[in-house]
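Asker: Below is the file work28.cif, with mmCIF, C-alpha atoms.
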data_target
loop_
_atom_site.label_atom_id
_atom_site.label_comp_id
_atom_site.auth_asym_id
_atom_site.auth_seq_id
_atom_site.Cartn_x
_atom_site.Cartn_y
_atom_site.Cartn_z
CA MET A 223 93.99 83.20 99.54
CA ILE A 224 94.19 83.53 103.32
CA PHE A 225 96.52 86.49 102.90
CA TYR A 226 93.90 88.19 100.74
CA TYR A 227 91.31 88.06 103.53
CA LEU A 228 93.92 88.94 106.16
CA GLY A 229 94.81 91.99 104.11
CA TRP A 230 91.21 93.15 103.86
CA ILE A 231 90.66 92.66 107.61
CA SER A 232 93.79 94.74 108.25
CA ILE A 233 92.58 97.50 105.92
CA ILE A 234 89.14 97.63 107.57
CA PHE A 235 90.73 97.88 111.04
CA GLY A 236 92.95 100.66 109.77
CA VAL A 237 90.03 102.65 108.39
CA ILE A 238 88.08 102.27 111.66
CA PHE A 239 91.07 103.49 113.69
CA ASN A 240 91.57 106.45 111.36
CA LEU A 241 87.90 107.37 111.82
CA LEU A 242 88.23 107.18 115.62
CA GLY A 243 91.36 109.32 115.49
CA ALA A 244 89.55 111.99 113.52
CA LEU A 245 86.62 111.82 115.96
CA GLY A 246 88.99 112.28 118.90
CA LEU A 247 90.55 115.27 117.18
CA VAL A 248 87.13 116.97 117.22
CA LYS A 249 85.93 115.77 120.59
CA PHE A 250 88.84 116.15 123.01
CA PRO A 251 89.15 119.42 124.97
CA ASP A 252 92.69 120.78 124.48
CA LEU A 253 95.65 120.62 122.14
CA TYR A 254 97.64 117.97 124.00
CA ASN A 255 94.75 115.50 124.33
CA ARG A 256 93.89 116.02 120.68
CA MET A 257 97.48 115.26 119.76
CA GLN A 258 97.24 112.00 121.70
CA ALA A 259 94.17 110.87 119.77
CA SER A 260 95.45 111.95 116.39
CA THR A 261 98.95 110.47 116.68
CA LYS A 262 98.11 107.08 118.15
CA CYS A 263 94.98 106.16 116.23
CA VAL A 264 96.13 107.61 112.92
CA THR A 265 99.55 105.93 113.14
CA ILE A 266 98.14 102.46 113.71
CA GLY A 267 95.35 103.10 111.21
CA THR A 268 97.62 104.11 108.37
CA CYS A 269 100.10 101.34 109.20
CA GLY A 270 97.18 98.89 109.13
CA ILE A 271 96.14 100.02 105.65
CA MET A 272 99.73 99.74 104.39
CA LEU A 273 100.18 96.29 105.93
CA GLY A 274 96.91 95.22 104.33
CA ILE A 275 98.21 96.25 100.93
CA PHE A 276 101.40 94.30 101.64
CA PHE A 277 99.40 91.18 102.54
CA ILE A 278 97.29 91.40 99.38
CA ARG A 279 100.13 92.18 96.95
CA GLY A 280 102.94 90.11 98.49
CA PHE A 281 106.65 90.59 97.79
CA ASN A 282 106.62 92.72 94.67
CA GLN A 283 107.14 96.38 93.83
CA MET A 284 103.93 97.66 95.39
CA GLY A 285 104.03 95.46 98.50
CA ILE A 286 107.59 96.43 99.44
CA LYS A 287 106.80 100.10 98.90
CA ALA A 288 103.77 99.84 101.19
CA LEU A 289 105.90 98.17 103.86
CA ILE A 290 108.56 100.90 103.70
CA CYS A 291 105.84 103.57 103.88
CA ALA A 292 104.44 101.92 107.03
CA LEU A 293 107.90 101.96 108.65
CA PHE A 294 108.42 105.58 107.63
CA ILE A 295 105.11 106.65 109.19
CA LEU A 296 105.93 104.70 112.36
CA PHE A 297 109.20 106.61 112.73
CA THR A 298 108.10 110.11 111.74
CA MET A 299 104.63 110.49 113.29
CA PRO A 300 105.83 110.54 116.94
CA VAL A 301 108.57 113.00 116.03
CA ALA A 302 106.04 115.36 114.43
CA ALA A 303 103.76 115.11 117.48
CA HIS A 304 106.73 115.77 119.76
CA ALA A 305 107.75 118.86 117.79
CA LEU A 306 104.22 120.30 117.75
CA SER A 307 103.55 119.74 121.45
CA ARG A 308 106.98 121.03 122.47
CA GLY A 309 106.45 124.15 120.41
CA SER A 310 103.08 124.85 121.94
CA LEU A 311 104.36 124.22 125.47
CA LEU A 312 107.19 126.71 125.00
CA PHE A 313 104.79 129.18 123.36
CA GLY A 314 102.48 128.91 126.37
CA THR A 315 99.36 127.14 125.16
CA LYS A 316 97.35 126.33 128.29
CA LEU A 317 96.33 122.84 129.40
CA TRP A 318 92.70 121.87 129.97
CA HIS A 319 91.23 123.15 133.26
CA LYS A 320 90.68 119.62 134.64
CA SER A 321 94.37 118.73 134.25
CA VAL A 322 95.96 117.44 137.44
CA ILE A 323 99.62 118.39 137.28
CA ASP A 324 102.06 120.32 135.08
CA LYS A 325 105.70 119.55 135.87
CA PHE A 326 106.98 121.22 132.71
CA GLY A 327 105.54 124.64 133.56
CA GLU A 328 106.68 124.36 137.17
CA ASP A 329 110.25 123.50 136.17
CA LYS A 330 110.83 125.68 133.13
CA LYS A 331 108.56 128.69 133.58
CA GLY A 332 107.97 128.85 137.33
CA TYR A 333 104.19 128.59 137.14
CA SER A 334 101.85 125.83 135.95
CA GLN A 335 100.15 126.33 132.62
CA ILE A 336 96.77 124.87 133.58
CA SER A 337 93.94 127.16 132.50
CA LYS A 338 91.10 128.43 134.70
CA GLU A 339 87.58 126.99 134.56
CA ASP A 340 86.05 129.54 132.17
CA GLU A 341 89.16 130.25 130.09
CA ALA A 342 89.27 129.15 126.46
CA THR A 343 92.06 126.72 125.51
CA MET B 281 134.12 109.39 107.09
CA ASN B 282 133.22 105.98 108.45
CA ARG B 283 129.71 107.21 109.19
CA LYS B 284 129.22 108.58 105.71
CA ILE B 285 130.14 105.29 104.04
CA ILE B 286 127.64 103.32 106.09
CA PHE B 287 124.99 105.99 105.58
CA PHE B 288 125.62 105.68 101.83
CA LEU B 289 125.14 101.88 101.94
CA VAL B 290 121.91 102.14 103.96
CA ALA B 291 120.53 104.80 101.60
CA LEU B 292 121.44 102.71 98.55
CA ILE B 293 119.68 99.61 99.94
CA LEU B 294 116.58 101.70 100.68
CA TRP B 295 116.69 103.09 97.13
CA PHE B 296 116.80 99.61 95.60
CA LEU B 297 113.91 98.45 97.79
CA PHE B 298 111.90 101.47 96.68
CA THR B 299 112.51 101.27 92.94
CA PHE B 300 112.63 97.45 92.91
CA ASN B 301 114.31 96.98 89.58
CA LEU B 302 117.94 96.76 88.50
CA ASN B 303 118.12 98.72 85.23
CA TYR B 304 121.46 100.47 84.94
CA ASP B 305 119.92 103.97 84.78
CA GLU B 306 118.15 103.36 88.11
CA ILE B 307 121.45 102.18 89.61
CA ILE B 308 123.32 105.29 88.42
CA VAL B 309 120.68 107.68 89.76
CA GLY B 310 120.53 105.73 93.03
CA ILE B 311 124.28 105.93 93.57
CA PHE B 312 124.28 109.64 92.78
CA VAL B 313 121.39 110.46 95.15
CA SER B 314 122.84 108.30 97.94
CA LEU B 315 126.23 110.01 97.62
CA LEU B 316 124.61 113.44 97.77
CA SER B 317 122.53 112.61 100.83
CA ALA B 318 125.52 110.93 102.51
CA PHE B 319 127.60 114.08 102.10
CA ILE B 320 124.84 116.35 103.41
CA PHE B 321 123.32 114.24 106.22
CA GLY B 322 126.11 111.76 107.04
CA GLY B 323 127.24 113.89 109.96
CA TYR B 324 123.89 113.40 111.71
CA PHE B 325 124.02 109.61 111.54
CA ILE B 326 124.44 107.40 114.64
CA GLU B 327 127.74 107.79 116.46
CA LYS B 328 129.21 104.29 116.20
CA PRO B 329 127.78 102.82 112.98
CA ILE B 330 129.79 99.61 113.46
CA LYS B 331 127.00 98.58 115.85
CA ILE B 332 124.78 97.90 112.84
CA PHE B 333 126.80 94.78 112.05
CA GLN B 334 126.63 93.21 115.52
CA ILE B 335 124.20 90.31 115.28
CA HIS B 336 122.98 90.17 118.89
CA ARG B 337 121.55 93.70 118.60
CA TRP B 338 119.36 92.58 115.72
CA PHE B 339 118.21 89.59 117.81
CA TRP B 340 117.09 91.90 120.64
CA LEU B 341 115.36 94.13 118.07
CA LEU B 342 113.37 91.09 116.89
CA VAL B 343 112.43 90.38 120.53
CA TYR B 344 111.48 94.03 121.03
CA ILE B 345 109.14 94.36 118.03
CA PRO B 346 106.34 91.99 119.25
CA ILE B 347 106.37 93.53 122.74
CA PHE B 348 106.14 96.98 121.23
CA ALA B 349 103.39 95.95 118.78
CA TYR B 350 101.31 94.48 121.62
CA LYS B 351 101.66 97.66 123.71
CA CYS B 352 100.87 99.80 120.68
CA ILE B 353 97.61 98.00 119.90
CA GLU B 354 96.65 98.10 123.58
CA ALA B 355 97.24 101.87 123.56
CA ASN B 356 95.09 102.34 120.50
CA LEU B 357 92.18 100.42 121.95
CA ASP B 358 92.52 102.45 125.15
CA VAL B 359 92.43 105.81 123.37
CA ALA B 360 89.65 104.62 121.02
CA LEU B 361 87.52 103.68 124.03
CA ARG B 362 88.13 107.11 125.56
CA VAL B 363 87.03 108.74 122.31
CA LEU B 364 83.81 106.73 122.16
CA HIS B 365 82.98 107.03 125.89
CA PRO B 366 80.18 109.61 126.40
CA GLY B 367 81.53 110.87 129.76
CA MET B 368 85.01 111.64 128.37
CA PRO B 369 87.15 110.01 131.10
CA LEU B 370 90.22 112.28 130.98
CA LYS B 371 92.58 113.21 133.82
CA PRO B 372 95.50 114.71 131.88
CA GLY B 373 98.72 116.26 133.09
CA ILE B 374 102.44 116.54 132.44
CA ILE B 375 104.88 114.51 134.53
CA LYS B 376 108.63 114.02 134.28
CA ILE B 377 110.80 110.91 134.41
CA LYS B 378 114.54 110.38 134.27
CA THR B 379 116.06 107.90 131.84
CA SER B 380 119.34 106.01 132.22
CA LEU B 381 119.95 105.72 128.46
CA LYS B 382 122.99 107.62 127.21
CA THR B 383 123.12 107.74 123.40
CA GLU B 384 120.96 110.05 121.31
CA ILE B 385 119.52 107.31 119.11
CA ALA B 386 118.42 105.25 122.11
CA LYS B 387 116.73 108.30 123.64
CA THR B 388 114.97 109.00 120.35
CA PHE B 389 113.63 105.45 120.20
CA LEU B 390 112.53 105.61 123.84
CA ALA B 391 110.64 108.84 123.19
CA ASN B 392 109.02 107.40 120.05
CA SER B 393 108.00 104.23 121.88
CA ILE B 394 106.52 106.24 124.75
CA THR B 395 104.54 108.37 122.31
CA LEU B 396 103.01 105.32 120.65
CA THR B 397 102.04 103.49 123.88
CA PRO B 398 99.18 103.76 126.40
CA GLY B 399 98.02 107.34 126.79
CA THR B 400 101.47 108.91 126.98
CA MET B 401 103.22 111.43 124.73
CA THR B 402 106.73 112.84 125.05
CA CYS B 403 106.62 116.64 125.02
CA GLU B 404 110.22 117.63 125.73
CA ILE B 405 113.60 116.00 126.22
CA ASP B 406 116.15 117.91 128.25
CA GLY B 407 119.37 115.96 128.87
CA ASP B 408 118.17 112.80 130.61
CA THR B 409 114.80 114.21 131.69
CA LEU B 410 111.67 113.43 129.70
CA TYR B 411 108.50 115.48 130.14
CA ILE B 412 105.50 113.29 129.36
CA HIS B 413 101.88 114.22 128.78
CA TRP B 414 99.71 111.48 130.25
CA ILE B 415 96.02 111.23 129.39
CA TRP B 416 95.09 109.46 132.65
CA ILE B 417 97.50 110.22 135.51
CA LYS B 418 97.95 107.10 137.64
CA GLU B 419 101.08 108.11 139.51
CA GLU B 420 102.63 111.55 140.02
CA GLU B 421 105.92 110.48 141.61
CA GLU B 422 108.94 110.19 139.37
CA GLU B 423 110.16 106.68 140.25
CA LYS B 424 106.79 104.93 140.24
CA ALA B 425 105.73 106.66 137.03
CA LYS B 426 108.95 105.55 135.40
CA LYS B 427 108.30 101.98 136.47
CA MET B 428 104.85 102.10 134.83
CA ILE B 429 105.84 103.85 131.60
CA ALA B 430 109.41 103.21 130.56
CA GLN B 431 110.88 100.24 132.46
CA THR B 432 110.35 97.48 129.87
CA PHE B 433 111.33 99.64 126.90
CA GLU B 434 114.51 100.82 128.57
CA LYS B 435 115.62 97.28 129.33
CA TYR B 436 115.45 96.23 125.68
CA LEU B 437 116.66 99.50 124.15
CA LYS B 438 119.76 99.30 126.33
CA ARG B 439 120.54 95.92 124.82
CA ILE B 440 119.82 97.09 121.27
CA PHE B 441 121.63 100.42 121.13
CA GLU B 442 124.24 100.57 123.92
#
Reformat the file's structure so that it appears as structure tokens.

Answerer:
Amino acid sequence: MIFYYLGWISIIFGVIFNLLGALGLVKFPDLYNRMQASTKCVTIGTCGIMLGIFFIRGFNQMGIKALICALFILFTMPVAAHALSRGSLLFGTKLWHKSVIDKFGEDKKGYSQISKEDEAT
Amino acid sequence: MNRKIIFFLVALILWFLFTFNLNYDEIIVGIFVSLLSAFIFGGYFIEKPIKIFQIHRWFWLLVYIPIFAYKCIEANLDVALRVLHPGMPLKPGIIKIKTSLKTEIAKTFLANSITLTPGTMTCEIDGDTLYIHWIWIKEEEEEKAKKMIAQTFEKYLKRIFE
């Protein structure tokens, strides 16, 4: 019985984090900050939902599948974020104009890729 | 060859966990699919697969998981607060740190762990240099930044994978 309630609490937390991740995706100023919000919040949110299903169902077909899905998301989401941000850095997508430092641009391209005040990102 | 056999066993165990029954048709299909994937992807598996069977590595993995889970939840609350904050407290930038880990799999896990923890995301790995996007720059120097971001992870990952 306690696992039932634990599962529902986990699912509710997951949904809230997913909502915040989506909100960050709209609200943050440039690609890299948006990637931060979407990867972190959505990873923990989806893992929370999957863990909740595991708590409710226990060790049977559905529960084990949910657990493996959670692990899979935990491993693949950072890799996807890494690939997308690396691609856009190499392509030359500019950082937000209030960014402080850009070591990647200075090392690899010779100039920093921080955009000007009025430039669109 | 060694690698492919262990890859086959890992894939087969995953298959049985996924299907979760032991009818003989499921077993035949599982063996076939595992063999196929072992022949195609076995070459990309970890370099010394014998490490999977060393018990102390699994012990350090069990120690690592709670630390990582704590940091991960902390990171999520941090980013969630930044999303909800009306003034949008962002001071982003890209810094670089050097890692002392050698094997590919350890570097992959370090990069994944950094991506899932407080406000940091790995953008590029070049040899032993990691370029990291940080949502709130606290320290621009290489050594101090490394101490804040990667020190604890590196300590445990070295025991798990090397």

Asker: Go through B:Val343, B:Ile330, B:Ile405, B:Ala318 one by one, measure the shortest atom-to-atom distance of each to chain A using only C-alpha atoms, and give the residue with the smallest value.

Answerer: B:Ile405

Asker: Find the distance between atom CA of B:Phe433 and atom CA of A:Ala288 and write it in Å to one decimal.

Answerer: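 Between atom CA of B:Phe433 and atom CA of A:Ala288 the gap works out to 26.8 Å.
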
Asker: Which residue, A:Phe313, A:Tyr226, A:Phe277, A:Phe239, has the smallest gap to chain B when you use all atoms listed in the file?

Answerer: A:Phe239

Asker: Taking only C-alpha atoms into account, which residues of chain B are within 9 Å of chain A, as a count of residues only?

Answerer: 47

Asker: Counting only C-alpha atoms, figure out which residue out of B:Asn282, B:Gln334, B:Thr432, B:Ser314 gets nearest to B:Phe296.

Answerer: B:Ser314

Asker: Counting all atoms listed in the file, which of A:Ile231, A:Phe225, A:Gly332, A:Phe294 gets nearest to A:Gly270?

Answerer: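 That would be A:Ile231, the residue with the smallest distance to A:Gly270.
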
Asker: I'd like the interatomic distance between atom CA of A:Asn240 and atom CA of A:Ala302, to a tenth of an Å.

Answerer: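 That distance, rounded to one decimal, is 17.3 Å.
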
Asker: Determine the nearest neighbour of B:Leu390 from the options B:Ile377, B:Leu437, B:Met428, B:Met281, counting all atoms listed in the file.

Answerer: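 Closest candidate: B:Leu437.
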
Asker: Give me, please, the distance in Å between atom CA of A:Lys330 and atom CA of B:Pro369, quoted to one decimal.

Answerer: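 These atoms are spaced 28.5 Å apart.
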